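Trainee: Just one file: data.txt, with compact mmCIF, C-alpha atoms and all ligand atoms.
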```txt
# COMPACT_ATOMS: atom_id res chain seq x y z
CA MET Y 1 131.10 89.63 94.30
CA ASP Y 2 133.60 92.06 95.74
CA LEU Y 3 133.07 93.88 99.00
CA ILE Y 4 131.38 97.26 98.65
CA TYR Y 5 130.66 100.02 101.13
CA ALA Y 6 128.71 103.25 101.11
CA GLU Y 7 127.31 105.79 103.48
CA ALA Y 8 123.66 104.85 103.76
CA THR Y 9 122.73 108.15 105.39
CA PRO Y 10 122.97 111.50 103.56
CA PRO Y 11 126.38 113.14 103.72
CA GLY Y 12 126.86 116.00 106.16
CA ARG Y 13 126.25 116.45 109.85
CA GLY Y 14 123.47 114.57 111.55
CA GLY Y 15 122.55 112.48 114.55
CA ILE Y 16 124.18 109.41 113.13
CA SER Y 17 125.90 108.32 109.99
CA VAL Y 18 125.41 104.74 108.84
CA ILE Y 19 127.98 102.98 106.71
CA ARG Y 20 126.92 99.75 105.09
CA LEU Y 21 129.06 96.97 103.68
CA SER Y 22 127.93 94.17 101.40
CA GLY Y 23 129.71 91.11 100.02
CA ALA Y 24 131.63 88.14 101.33
CA GLY Y 25 133.84 89.22 104.21
CA ALA Y 26 131.66 92.18 105.25
CA ARG Y 27 131.46 90.95 108.83
CA ALA Y 28 135.19 90.23 109.11
CA ALA Y 29 136.09 93.64 107.67
CA LEU Y 30 133.93 95.41 110.23
CA GLU Y 31 135.16 93.17 113.05
CA ARG Y 32 138.72 94.28 112.39
CA LEU Y 33 137.56 97.82 113.22
CA VAL Y 34 135.22 97.13 116.13
CA GLY Y 35 136.15 93.73 117.56
CA ASP Y 36 134.17 90.50 117.54
CA LEU Y 37 130.48 90.59 116.60
CA PRO Y 38 129.41 87.09 117.61
CA GLN Y 39 125.76 86.99 116.62
CA ALA Y 40 124.05 88.13 113.44
CA ARG Y 41 121.26 90.70 113.72
CA HIS Y 42 122.41 91.78 117.18
CA CYS Y 43 123.55 95.32 117.84
CA TYR Y 44 126.86 95.82 119.64
CA PHE Y 45 128.07 99.07 121.17
CA ARG Y 46 131.77 99.28 120.37
CA ASP Y 47 134.81 101.47 120.00
CA VAL Y 48 135.81 101.86 116.37
CA LYS Y 49 139.57 101.59 116.39
CA ASP Y 50 142.45 102.28 114.07
CA ALA Y 51 145.18 100.23 115.80
CA ASP Y 52 145.08 101.67 119.34
CA GLU Y 53 143.38 104.93 118.47
CA VAL Y 54 139.66 105.26 119.15
CA VAL Y 55 138.04 106.81 116.08
CA ASP Y 56 134.47 106.86 117.40
CA GLN Y 57 132.01 104.88 119.47
CA ALA Y 58 129.39 103.17 117.40
CA LEU Y 59 126.72 100.54 117.04
CA ALA Y 60 127.69 97.61 114.85
CA VAL Y 61 125.50 94.89 113.39
CA TRP Y 62 125.77 92.28 110.66
CA PHE Y 63 123.36 90.13 108.68
CA GLU Y 64 124.15 86.72 107.30
CA GLU Y 65 123.97 85.85 103.62
CA GLY Y 66 120.38 85.23 102.53
CA LEU Y 67 118.93 87.35 105.34
CA SER Y 68 120.02 90.80 104.33
CA PHE Y 69 118.86 93.59 102.04
CA THR Y 70 121.25 92.58 99.27
CA GLY Y 71 121.05 88.85 99.93
CA GLU Y 72 124.81 88.89 100.59
CA GLU Y 73 126.60 89.14 103.92
CA VAL Y 74 125.98 92.70 105.09
CA ALA Y 75 127.48 94.70 107.95
CA GLU Y 76 126.57 98.14 109.24
CA VAL Y 77 128.21 100.59 111.56
CA HIS Y 78 126.22 103.47 113.04
CA LEU Y 79 128.65 106.29 113.75
CA HIS Y 80 128.16 109.75 115.14
CA GLY Y 81 127.04 111.99 112.31
CA ALA Y 82 130.16 114.00 111.55
CA PRO Y 83 131.68 113.87 108.04
CA VAL Y 84 135.22 113.60 109.46
CA ILE Y 85 134.32 110.33 111.22
CA ALA Y 86 132.71 108.80 108.14
CA LYS Y 87 135.73 109.83 106.08
CA ARG Y 88 138.15 108.11 108.47
CA VAL Y 89 136.04 104.96 108.72
CA THR Y 90 135.59 104.63 104.97
CA TYR Y 91 139.35 105.02 104.60
CA LEU Y 92 139.84 102.17 107.08
CA LEU Y 93 137.31 100.01 105.21
CA GLU Y 94 139.22 100.59 101.99
CA GLN Y 95 142.34 99.36 103.79
CA GLU Y 96 140.30 96.21 104.49
CA GLY Y 97 139.71 95.76 100.77
CA ALA Y 98 136.25 97.26 100.39
CA ARG Y 99 135.49 99.67 97.55
CA GLN Y 100 132.91 102.42 97.37
CA ALA Y 101 129.60 101.25 95.89
CA GLU Y 102 128.19 102.73 92.70
CA ALA Y 103 124.77 104.41 92.61
CA GLY Y 104 122.10 101.81 93.29
CA GLU Y 105 124.63 98.97 93.62
CA PHE Y 106 123.17 97.59 96.84
CA THR Y 107 119.75 97.38 95.24
CA ARG Y 108 121.23 95.93 92.07
CA ARG Y 109 122.78 93.16 94.15
CA ALA Y 110 119.42 92.60 95.87
CA PHE Y 111 117.90 92.18 92.41
CA MET Y 112 120.71 89.92 91.16
CA SER Y 113 120.48 87.65 94.18
CA GLY Y 114 116.70 87.38 93.78
CA ARG Y 115 115.88 89.29 96.98
CA MET Y 116 113.88 91.79 94.94
CA ASP Y 117 112.28 91.63 91.53
CA LEU Y 118 112.20 94.48 89.06
CA ALA Y 119 108.71 95.67 90.06
CA GLU Y 120 109.89 95.90 93.68
CA VAL Y 121 113.02 97.74 92.63
CA GLU Y 122 110.89 100.25 90.72
CA GLY Y 123 108.63 100.59 93.76
CA LEU Y 124 111.64 101.24 95.98
CA GLY Y 125 112.90 103.88 93.55
CA ASP Y 126 109.48 105.54 93.63
CA LEU Y 127 109.42 105.41 97.40
CA LEU Y 128 112.74 107.22 97.62
CA GLU Y 129 111.49 109.84 95.18
CA ALA Y 130 108.03 110.22 96.71
CA GLU Y 131 107.10 113.78 97.63
CA THR Y 132 103.44 113.40 98.49
CA GLU Y 133 101.32 111.03 100.58
CA TYR Y 134 99.58 109.45 97.58
CA GLN Y 135 102.95 108.81 95.96
CA ARG Y 136 104.28 107.27 99.14
CA GLN Y 137 101.23 105.04 99.59
CA LEU Y 138 101.45 103.72 96.03
CA ALA Y 139 105.20 103.22 96.16
CA VAL Y 140 105.22 101.42 99.49
CA ARG Y 141 102.76 98.90 98.08
CA SER Y 142 104.97 98.17 95.05
CA ALA Y 143 108.18 98.16 97.06
CA GLY Y 144 106.50 95.75 99.48
CA GLY Y 145 105.84 93.32 96.64
CA GLU Y 146 102.11 93.70 96.04
CA LEU Y 147 102.45 93.58 92.27
CA SER Y 148 105.00 90.80 92.54
CA ARG Y 149 102.64 88.68 94.63
CA LYS Y 150 99.88 89.22 92.11
CA ALA Y 151 102.21 88.21 89.30
CA GLU Y 152 103.19 85.08 91.22
CA ARG Y 153 99.55 84.12 91.61
CA TRP Y 154 98.93 84.75 87.92
CA ARG Y 155 101.85 82.47 87.11
CA GLU Y 156 100.37 79.76 89.30
CA LEU Y 157 97.08 80.00 87.41
CA LEU Y 158 99.01 79.74 84.17
CA ILE Y 159 100.93 76.70 85.34
CA ARG Y 160 97.69 74.96 86.31
CA ALA Y 161 96.07 75.82 83.00
CA GLY Y 162 99.25 74.86 81.16
CA ALA Y 163 99.41 71.47 82.83
CA MET Y 164 95.84 70.68 81.83
CA VAL Y 165 96.52 71.73 78.25
CA GLU Y 166 99.71 69.65 78.08
CA VAL Y 167 97.64 66.60 78.99
CA SER Y 168 95.37 67.33 76.02
CA VAL Y 169 98.39 67.80 73.77
CA ASP Y 170 99.90 64.49 74.91
CA PHE Y 171 96.69 62.63 74.28
CA ALA Y 172 96.21 64.22 70.89
CA ASP Y 173 98.44 61.59 69.23
CA GLU Y 174 96.36 58.82 70.66
CA GLU Y 175 92.79 57.99 70.04
CA VAL Y 176 91.53 60.11 72.95
CA PRO Y 177 89.59 63.23 71.86
CA ASP Y 178 91.90 66.25 72.19
CA GLU Y 179 89.42 68.48 73.89
CA VAL Y 180 90.66 71.17 76.24
CA PRO Y 181 88.68 71.08 79.49
CA ASP Y 182 86.40 74.07 80.13
CA GLU Y 183 88.25 74.72 83.36
CA VAL Y 184 91.27 75.88 81.37
CA PHE Y 185 89.24 78.59 79.67
CA GLU Y 186 87.71 79.58 82.99
CA LEU Y 187 91.14 79.93 84.61
CA LEU Y 188 92.52 81.90 81.69
CA GLY Y 189 89.38 84.05 81.58
CA THR Y 190 89.81 84.94 85.24
CA LEU Y 191 93.43 85.79 84.65
CA ARG Y 192 92.62 87.88 81.60
CA GLU Y 193 90.03 89.83 83.59
CA GLU Y 194 92.52 90.56 86.40
CA LEU Y 195 95.11 91.72 83.90
CA ARG Y 196 92.55 93.95 82.21
CA GLU Y 197 91.65 95.53 85.57
CA GLN Y 198 95.29 96.27 86.34
CA ILE Y 199 95.85 97.72 82.89
CA SER Y 200 92.81 99.97 83.17
CA GLY Y 201 94.02 101.24 86.55
CA PHE Y 202 97.36 102.27 85.03
CA GLY Y 203 96.37 105.79 83.97
CA ALA Y 204 95.30 106.80 87.46
CA ALA Y 205 98.29 105.16 89.16
CA GLU Y 206 100.63 106.83 86.70
CA ARG Y 207 99.05 110.20 87.57
CA ILE Y 208 99.66 109.56 91.24
CA ARG Y 209 103.27 108.71 90.52
CA ASN Y 210 104.08 111.47 88.02
CA GLY Y 211 101.56 114.07 89.13
CA PHE Y 212 98.55 115.67 87.47
CA GLU Y 213 99.05 118.59 85.11
CA ILE Y 214 96.84 121.65 85.45
CA ALA Y 215 97.21 124.39 82.87
CA ILE Y 216 96.25 127.96 83.66
CA ILE Y 217 95.00 129.62 80.51
CA GLY Y 218 93.90 133.18 79.97
CA PRO Y 219 94.61 136.44 78.17
CA PRO Y 220 97.71 138.48 79.00
CA ASN Y 221 97.38 140.25 82.33
CA ALA Y 222 94.53 138.00 83.46
CA GLY Y 223 96.59 137.25 86.55
CA LYS Y 224 97.91 133.77 85.73
CA SER Y 225 101.39 134.24 87.15
CA SER Y 226 100.02 135.99 90.22
CA LEU Y 227 97.65 133.09 90.85
CA ILE Y 228 100.43 130.54 90.55
CA ASN Y 229 102.62 132.57 92.85
CA ARG Y 230 99.86 132.91 95.36
CA ILE Y 231 99.21 129.17 95.27
CA ALA Y 232 102.86 128.28 95.44
CA ARG Y 233 103.45 131.01 98.03
CA ARG Y 234 106.78 131.82 96.55
CA ASP Y 235 107.98 133.87 93.65
CA VAL Y 236 108.30 131.42 90.81
CA ALA Y 237 106.71 133.05 87.80
CA LEU Y 238 107.57 136.55 86.78
CA VAL Y 239 104.73 138.91 87.67
CA SER Y 240 104.70 142.03 85.57
CA GLN Y 241 102.25 144.48 84.01
CA VAL Y 242 103.74 144.15 80.54
CA ALA Y 243 101.63 141.78 78.45
CA GLY Y 244 103.19 138.43 77.62
CA THR Y 245 106.35 138.56 79.70
CA THR Y 246 106.25 134.88 80.57
CA ARG Y 247 107.14 133.35 77.22
CA ASP Y 248 107.45 129.67 77.99
CA VAL Y 249 105.42 127.29 80.03
CA ILE Y 250 106.38 127.71 83.66
CA GLU Y 251 105.80 124.78 85.96
CA VAL Y 252 105.24 124.72 89.66
CA ARG Y 253 104.96 121.45 91.50
CA LEU Y 254 102.48 121.33 94.36
CA ASP Y 255 101.51 118.88 97.04
CA LEU Y 256 97.73 119.23 96.90
CA LYS Y 257 96.52 117.35 99.98
CA GLY Y 258 98.78 114.44 99.10
CA LEU Y 259 98.35 114.54 95.33
CA SER Y 260 101.27 115.67 93.25
CA VAL Y 261 100.19 118.44 90.86
CA ASN Y 262 102.12 120.41 88.25
CA LEU Y 263 100.67 123.85 87.65
CA LEU Y 264 101.50 125.15 84.20
CA ASP Y 265 101.52 128.85 83.47
CA THR Y 266 100.83 129.06 79.76
CA ALA Y 267 101.32 132.80 79.37
CA GLY Y 268 103.13 131.97 76.14
CA ILE Y 269 99.81 131.29 74.37
CA ARG Y 270 98.96 134.50 72.49
CA GLU Y 271 98.63 135.94 69.02
CA THR Y 272 101.94 136.43 67.30
CA THR Y 273 103.38 136.96 63.83
CA ASP Y 274 106.87 135.88 64.80
CA GLU Y 275 107.52 132.41 63.34
CA VAL Y 276 109.84 131.23 66.08
CA GLU Y 277 107.53 132.49 68.78
CA GLN Y 278 104.64 130.78 67.00
CA MET Y 279 106.40 127.43 67.45
CA GLY Y 280 106.62 128.08 71.16
CA VAL Y 281 102.97 129.05 71.24
CA ASP Y 282 101.98 125.83 69.45
CA LEU Y 283 103.95 123.78 71.95
CA ALA Y 284 102.41 125.60 74.91
CA ARG Y 285 98.97 125.09 73.41
CA LYS Y 286 99.55 121.37 72.93
CA ARG Y 287 100.85 121.05 76.45
CA ALA Y 288 97.82 122.87 77.86
CA LEU Y 289 95.43 120.69 75.90
CA ALA Y 290 97.17 117.54 77.05
CA ALA Y 291 96.93 118.62 80.70
CA ASP Y 292 94.52 116.81 83.01
CA LEU Y 293 92.60 119.99 83.75
CA ARG Y 294 92.55 123.60 82.59
CA LEU Y 295 91.72 126.68 84.61
CA HIS Y 296 90.40 129.39 82.30
CA LEU Y 297 91.32 132.59 84.06
CA SER Y 298 90.06 136.02 83.15
CA GLU Y 299 88.78 139.19 84.79
CA HIS Y 300 85.52 139.40 82.89
CA GLY Y 301 84.80 135.87 81.68
CA GLU Y 302 86.66 135.88 78.32
CA ILE Y 303 87.41 132.27 77.37
CA ASP Y 304 89.41 130.83 74.49
CA GLU Y 305 86.79 128.27 73.49
CA SER Y 306 89.30 126.39 71.31
CA MET Y 307 91.16 125.48 74.49
CA ARG Y 308 88.13 124.46 76.50
CA ARG Y 309 87.44 120.82 77.36
CA ASP Y 310 84.78 119.09 79.46
CA GLY Y 311 85.31 119.44 83.16
CA ASP Y 312 87.54 122.52 82.89
CA PHE Y 313 87.25 125.24 85.53
CA VAL Y 314 86.26 128.79 84.63
CA VAL Y 315 87.86 131.14 87.12
CA GLN Y 316 87.42 134.85 87.55
CA SER Y 317 90.56 136.71 88.62
CA LYS Y 318 91.08 139.91 90.61
CA ALA Y 319 87.99 139.44 92.76
CA ASP Y 320 89.16 142.37 94.88
CA LEU Y 321 88.63 144.71 91.90
CA ASN Y 322 85.64 143.15 90.20
CA GLU Y 323 82.22 142.02 91.28
CA ALA Y 324 82.28 138.25 91.70
CA VAL Y 325 80.70 136.20 88.90
CA GLY Y 326 80.54 132.42 88.48
CA GLU Y 327 81.47 129.64 90.85
CA HIS Y 328 85.12 130.48 91.10
CA SER Y 329 86.18 133.99 91.80
CA VAL Y 330 89.64 134.47 93.23
CA SER Y 331 91.91 137.26 94.27
CA SER Y 332 95.62 136.63 94.23
CA LYS Y 333 96.00 139.89 96.08
CA SER Y 334 93.80 139.10 99.09
CA GLY Y 335 93.83 135.34 98.73
CA ALA Y 336 90.01 135.22 98.61
CA GLY Y 337 88.53 132.16 96.90
CA ILE Y 338 91.85 130.35 96.49
CA ASP Y 339 91.32 127.70 99.15
CA LYS Y 340 87.89 126.89 97.74
CA LEU Y 341 89.35 126.63 94.24
CA LEU Y 342 92.06 124.26 95.46
CA ASP Y 343 89.51 122.21 97.41
CA ASN Y 344 87.40 121.79 94.28
CA ILE Y 345 90.41 120.86 92.18
CA PHE Y 346 91.36 118.27 94.76
CA GLU Y 347 87.79 116.88 94.73
CA VAL Y 348 87.93 116.41 90.97
CA LEU Y 349 91.43 114.91 90.89
CA SER Y 350 90.91 112.60 93.85
CA GLN Y 351 87.88 111.16 92.05
CA ARG Y 352 90.13 110.36 89.14
CA VAL Y 353 92.51 108.26 91.22
CA VAL Y 354 89.81 106.13 92.82
CA GLY Y 355 90.34 103.28 90.36
CA ALA Y 356 94.14 103.46 90.51
CA GLY Y 357 95.87 100.13 90.22
CA ILE Y 358 99.30 99.17 91.43
CA VAL Y 359 100.86 99.31 87.97
CA SER Y 360 102.34 102.76 87.53
CA HIS Y 361 105.29 102.33 85.16
CA GLU Y 362 105.13 102.30 81.37
CA ARG Y 363 107.43 99.25 81.39
CA GLN Y 364 105.09 97.35 83.67
CA VAL Y 365 101.93 98.12 81.74
CA ARG Y 366 103.64 97.11 78.50
CA ALA Y 367 104.46 93.69 79.94
CA LEU Y 368 100.92 93.30 81.29
CA THR Y 369 99.36 94.35 78.00
CA GLU Y 370 101.47 91.77 76.21
CA ALA Y 371 100.33 89.14 78.71
CA TYR Y 372 96.72 90.21 78.26
CA GLU Y 373 96.88 90.16 74.48
CA SER Y 374 98.25 86.62 74.46
CA LEU Y 375 95.08 85.56 76.26
CA CYS Y 376 92.65 87.26 73.88
CA ASP Y 377 90.84 85.19 71.23
CA ILE Y 378 91.88 81.88 72.73
CA GLU Y 379 88.38 80.39 72.85
CA GLY Y 380 88.24 77.19 70.86
CA LEU Y 381 91.98 77.12 70.05
CA PRO Y 382 93.47 73.65 69.60
CA PRO Y 383 95.65 72.58 72.54
CA GLU Y 384 99.00 73.19 70.77
CA PHE Y 385 98.11 76.81 70.07
CA LEU Y 386 96.64 77.30 73.49
CA ALA Y 387 99.83 75.99 75.09
CA GLU Y 388 101.78 78.53 73.05
CA SER Y 389 99.51 81.38 74.25
CA ILE Y 390 100.03 80.28 77.83
CA ARG Y 391 103.80 80.20 77.36
CA ARG Y 392 103.76 83.67 75.85
CA THR Y 393 101.68 85.02 78.74
CA GLY Y 394 104.14 83.45 81.19
CA SER Y 395 107.11 85.06 79.55
CA SER Y 396 105.37 88.46 79.60
CA LEU Y 397 104.89 88.04 83.34
CA ASP Y 398 108.57 87.11 83.61
CA LYS Y 399 109.34 90.39 81.88
CA LEU Y 400 107.15 92.23 84.37
CA LEU Y 401 109.27 90.86 87.23
CA GLY Y 402 112.52 91.35 85.33
CA ARG Y 403 113.31 87.64 85.10
CA ILE Y 404 113.89 88.12 81.41
CA GLY Y 405 114.68 91.18 79.32
CA ALA Y 406 115.63 93.27 82.35
CA GLU Y 407 119.08 94.30 81.05
CA GLU Y 408 117.94 97.32 79.07
CA TYR Y 409 116.16 98.80 82.11
CA LEU Y 410 118.67 98.07 84.83
CA SER Y 411 121.22 100.78 84.21
CA VAL Y 412 118.48 103.40 83.80
CA ILE Y 413 116.73 102.38 86.98
CA PHE Y 414 119.79 102.02 89.16
CA SER Y 415 121.50 105.18 88.00
CA SER Y 416 118.61 107.16 89.49
CA PHE Y 417 119.35 105.66 92.91
CA CYS Y 418 121.83 107.27 95.26
CA ILE Y 419 125.20 105.76 96.14
CA GLY Y 420 124.12 104.26 99.45
CA LYS Y 421 121.03 102.50 98.08
P1 LIG Y 501 99.39 137.12 83.56
O1 LIG Y 501 99.87 137.90 82.37
O2 LIG Y 501 98.05 136.49 83.29
O3 LIG Y 501 100.36 136.16 84.10
O4 LIG Y 501 99.07 138.23 84.70
P2 LIG Y 501 99.98 138.67 85.94
O5 LIG Y 501 99.91 137.67 87.01
O6 LIG Y 501 101.32 139.09 85.46
O7 LIG Y 501 99.15 139.92 86.46
C1 LIG Y 501 98.90 141.05 85.64
C2 LIG Y 501 98.67 142.23 86.56
O8 LIG Y 501 97.51 142.06 87.34
C3 LIG Y 501 99.81 142.48 87.55
O9 LIG Y 501 100.00 143.87 87.69
C4 LIG Y 501 99.28 141.91 88.86
O10 LIG Y 501 99.81 142.54 90.00
C5 LIG Y 501 97.81 142.17 88.73
N1 LIG Y 501 97.01 141.20 89.47
C6 LIG Y 501 97.05 139.88 89.35
N2 LIG Y 501 96.17 139.28 90.18
C7 LIG Y 501 95.55 140.29 90.86
C8 LIG Y 501 94.54 140.32 91.87
O11 LIG Y 501 94.00 139.30 92.35
N3 LIG Y 501 94.15 141.56 92.30
C9 LIG Y 501 94.70 142.70 91.83
N4 LIG Y 501 94.26 143.85 92.31
N5 LIG Y 501 95.66 142.69 90.88
C10 LIG Y 501 96.09 141.53 90.39
```
The structure given in the file should be rewritten as structure tokens.
Ligand code: GDP

Mentor:
Amino acid sequence: MDLIYAEATPPGRGGISVIRLSGAGARAALERLVGDLPQARHCYFRDVKDADEVVDQALAVWFEEGLSFTGEEVAEVHLHGAPVIAKRVTYLLEQEGARQAEAGEFTRRAFMSGRMDLAEVEGLGDLLEAETEYQRQLAVRSAGGELSRKAERWRELLIRAGAMVEVSVDFADEEVPDEVPDEVFELLGTLREELREQISGFGAAERIRNGFEIAIIGPPNAGKSSLINRIARRDVALVSQVAGTTRDVIEVRLDLKGLSVNLLDTAGIRETTDEVEQMGVDLARKRALAADLRLHLSEHGEIDESMRRDGDFVVQSKADLNEAVGEHSVSSKSGAGIDKLLDNIFEVLSQRVVGAGIVSHERQVRALTEAYESLCDIEGLPPEFLAESIRRTGSSLDKLLGRIGAEEYLSVIFSSFCIGK
């Protein structure tokens, strides 16, 4: 593998700027700039030099192969955080034969060298993208290998079950009865149950990762945009007195006490004779119905019953003008009732994430479902068929960890990473 470098810290001014190198010769390349770095994983305070000129003073450290983020030899230099310094140092590193890393290339190397599996890579990606506490908590568990450790344990169960079945297969040719011991079915039953639990916790985990959708529905002028603006505390949706000015679905992303929530303003849903507009209305309607929750907003309790689903909130708007009715009465003008509304929404949504598992990616749940399905209807199977089911389950778990079939996902996953990761 060639030697790559990248700024690991965001570009621009800051306290420090970290440049990281990975690949054979990383240590030597850095040493030519800062002098000898005798011990791995020790920080040295050094002048960074270009011949006799001091470019900066910096901390330098290196990690030996096998004990670094990428699994390769890695070296880091912590410079003062001025772009002109980083520019000069990266120029010098290029003179030493290093090239700038591509997006996600460090992580890709970590994956290739077996330092991380695909579930951990996905977790790391989620961690870097996390905007809310719940997202961070979920991502840090995946990035830290929780799913991977589970998968390892499942594989061990499979190997044990597989070994017992193989014995039955071997004996089948001889005069020994080819019965599969009950223990095999017990092991596989336990495994199947654990897989089922993880699969059923996918929906909630996926909501944590991607956010809940809440649609605000109501007649024109009910105050939908004003409510969203009030909640978001910034001018995102167009507020106007002309009916139906917000044509499309407008989204506002919120951090609701740690939960990621997308508020959808569906002002586009209204009667129309225009064919093109009708298509937009249909889309907005579908989107609102697919949302996790709907707030039916109106001044006097008018509700579009065709859009109503169990658990939806009925909210009265313009509480400053009208006498309050119902549980939720809010004023976007004074702010009255809005905190209570948000508290209640949080209550409902936080209940829905109680059973969240660690599996939060479509790719992961597909692999797990495949594994699960291979273990269904195995009771009473002859050993040869059972062995085949076990092998299939194992290869689905390999897919989960990216040991096989990872190619199609890699470029998508890594391209979402930044250059220094
Ligand atoms: P939408 O069509 O449902 O999105 O409604 P808008 O948010 O555009 O509001 C329609 C009109 O009602 C605007 O003139 C707003 O200023 C007004 N409005 C919205 N919410 C309130 C409120 O809580 N109190 C008062 N007094 N006026 C409001």

Trainee: Using only C-alpha atoms for the distances, tell me which of Y:Val167, Y:Ile159, Y:Ile358, Y:Val48 is nearest to Y:Val34.

Mentor: Y:Val48

Trainee: For Y:Leu157, which residue among Y:Ser350, Y:Thr190, Y:Thr369, Y:Thr9 is the nearest when counting only C-alpha atoms?

Mentor: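 When distances to Y:Leu157 are compared using only C-alpha atoms, the smallest one comes from Y:Thr190.
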
Trainee: Can you work out the spacing between atom CA of Y:Arg149 and atom CA of Y:Thr132 in Å, to one decimal?

Mentor: 25.0 Å

Trainee: To one decimal in Å, tell me the separation between atom CA of Y:Val412 and atom CA of Y:Gly203.

Mentor: 22.2 Å

Trainee: Edge lengths and centre in Å to one decimal, as AutoDock Vina command-line options, is what I'm after for the box along x, y and z that holds all listed atoms of stretch 364-367 of chain Y once 6 Å is added on each side.

Mentor:
```
--center_x 103.5 --center_y 95.9 --center_z 81.1 --size_x 15.2 --size_y 16.4 --size_z 17.2
```

Trainee: Between Y:Ile217, Y:Ala232, Y:Leu400, Y:Ile378, which is the closest to ligand LIG 501 (chain Y) once you count all atoms listed in the file?

Mentor: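 Between Y:Ile217, Y:Ala232, Y:Leu400, Y:Ile378, the residue approaching ligand LIG 501 (chain Y) most closely is Y:Ile217.
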
Trainee: Which one of Y:His296, Y:Arg392, Y:Arg352, Y:Lys399 sits closest to ligand LIG 501 (chain Y) if you count only C-alpha atoms and all ligand atoms?

Mentor: Y:His296

Trainee: Which residues, written as a list in words, have at least one atom at most 7 Å from stretch 161-166 of chain Y, with all atoms listed in the file counted and residues fewer than 5 positions away on the same chain left out?

Mentor: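 In the requested form, the answer reads Val180, Val184, Leu187, Pro383, Ala387 and Ile390 of chain Y.
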
Trainee: Could you work out how far atom CA of Y:Phe212 lies from atom CA of Y:Ser298, giving the answer in Å with one decimal?

Mentor: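 Separation of atom CA of Y:Ser298 and atom CA of Y:Phe212: 22.5 Å.
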
Trainee: Would you kindly return, as a PyMOL selection string, each protein, DNA or RNA residue with an atom no farther than 6 Å from any atom of stretch 11-23 of chain Y, considering all atoms listed in the file and excluding same-chain residues fewer than 6 positions away?

Mentor: chain Y and resi 2-5+72-83

Trainee: Just want the 9 Å neighbourhood of Y:Arg141, counted on only C-alpha atoms, with same-chain residues fewer than 4 positions away dropped. Output as a PyMOL selection string.

Mentor: chain Y and resi 120+123+136-137+145-147+358

Trainee: Generate the coordinates of N, CA, C and O atoms for stretch 3-12 of chain Y; report them as an mmCIF file, keeping the file's coordinate frame.

Mentor:
```cif
data_model
loop_
_atom_site.group_PDB
_atom_site.id
_atom_site.type_symbol
_atom_site.label_atom_id
_atom_site.label_comp_id
_atom_site.auth_asym_id
_atom_site.auth_seq_id
_atom_site.Cartn_x
_atom_site.Cartn_y
_atom_site.Cartn_z
ATOM 1 N N LEU Y 3 133.663 93.249 97.814
ATOM 2 C CA LEU Y 3 133.070 93.880 99.000
ATOM 3 C C LEU Y 3 132.880 95.371 98.718
ATOM 4 O O LEU Y 3 133.819 96.069 98.352
ATOM 5 N N ILE Y 4 131.644 95.839 98.892
ATOM 6 C CA ILE Y 4 131.380 97.260 98.650
ATOM 7 C C ILE Y 4 130.919 97.948 99.930
ATOM 8 O O ILE Y 4 130.378 97.302 100.825
ATOM 9 N N TYR Y 5 131.169 99.254 100.002
ATOM 10 C CA TYR Y 5 130.660 100.020 101.130
ATOM 11 C C TYR Y 5 130.075 101.318 100.619
ATOM 12 O O TYR Y 5 130.395 101.762 99.513
ATOM 13 N N ALA Y 6 129.207 101.900 101.415
ATOM 14 C CA ALA Y 6 128.710 103.250 101.110
ATOM 15 C C ALA Y 6 128.080 103.818 102.359
ATOM 16 O O ALA Y 6 127.632 103.074 103.240
ATOM 17 N N GLU Y 7 128.075 105.142 102.416
ATOM 18 C CA GLU Y 7 127.310 105.790 103.480
ATOM 19 C C GLU Y 7 125.838 105.645 103.129
ATOM 20 O O GLU Y 7 125.417 106.049 102.046
ATOM 21 N N ALA Y 8 125.076 105.063 104.029
ATOM 22 C CA ALA Y 8 123.660 104.850 103.760
ATOM 23 C C ALA Y 8 122.840 106.078 104.146
ATOM 24 O O ALA Y 8 121.710 106.240 103.707
ATOM 25 N N THR Y 9 123.403 106.916 104.981
ATOM 26 C CA THR Y 9 122.730 108.150 105.390
ATOM 27 C C THR Y 9 123.266 109.303 104.530
ATOM 28 O O THR Y 9 124.367 109.200 103.988
ATOM 29 N N PRO Y 10 122.495 110.392 104.404
ATOM 30 C CA PRO Y 10 122.970 111.500 103.560
ATOM 31 C C PRO Y 10 124.259 112.097 104.112
ATOM 32 O O PRO Y 10 124.441 112.127 105.337
ATOM 33 N N PRO Y 11 125.147 112.555 103.234
ATOM 34 C CA PRO Y 11 126.380 113.140 103.720
ATOM 35 C C PRO Y 11 126.104 114.426 104.523
ATOM 36 O O PRO Y 11 125.063 115.038 104.357
ATOM 37 N N GLY Y 12 127.029 114.772 105.361
ATOM 38 C CA GLY Y 12 126.860 116.000 106.160
ATOM 39 C C GLY Y 12 126.674 115.638 107.624
ATOM 40 O O GLY Y 12 126.772 114.482 108.013
#
```
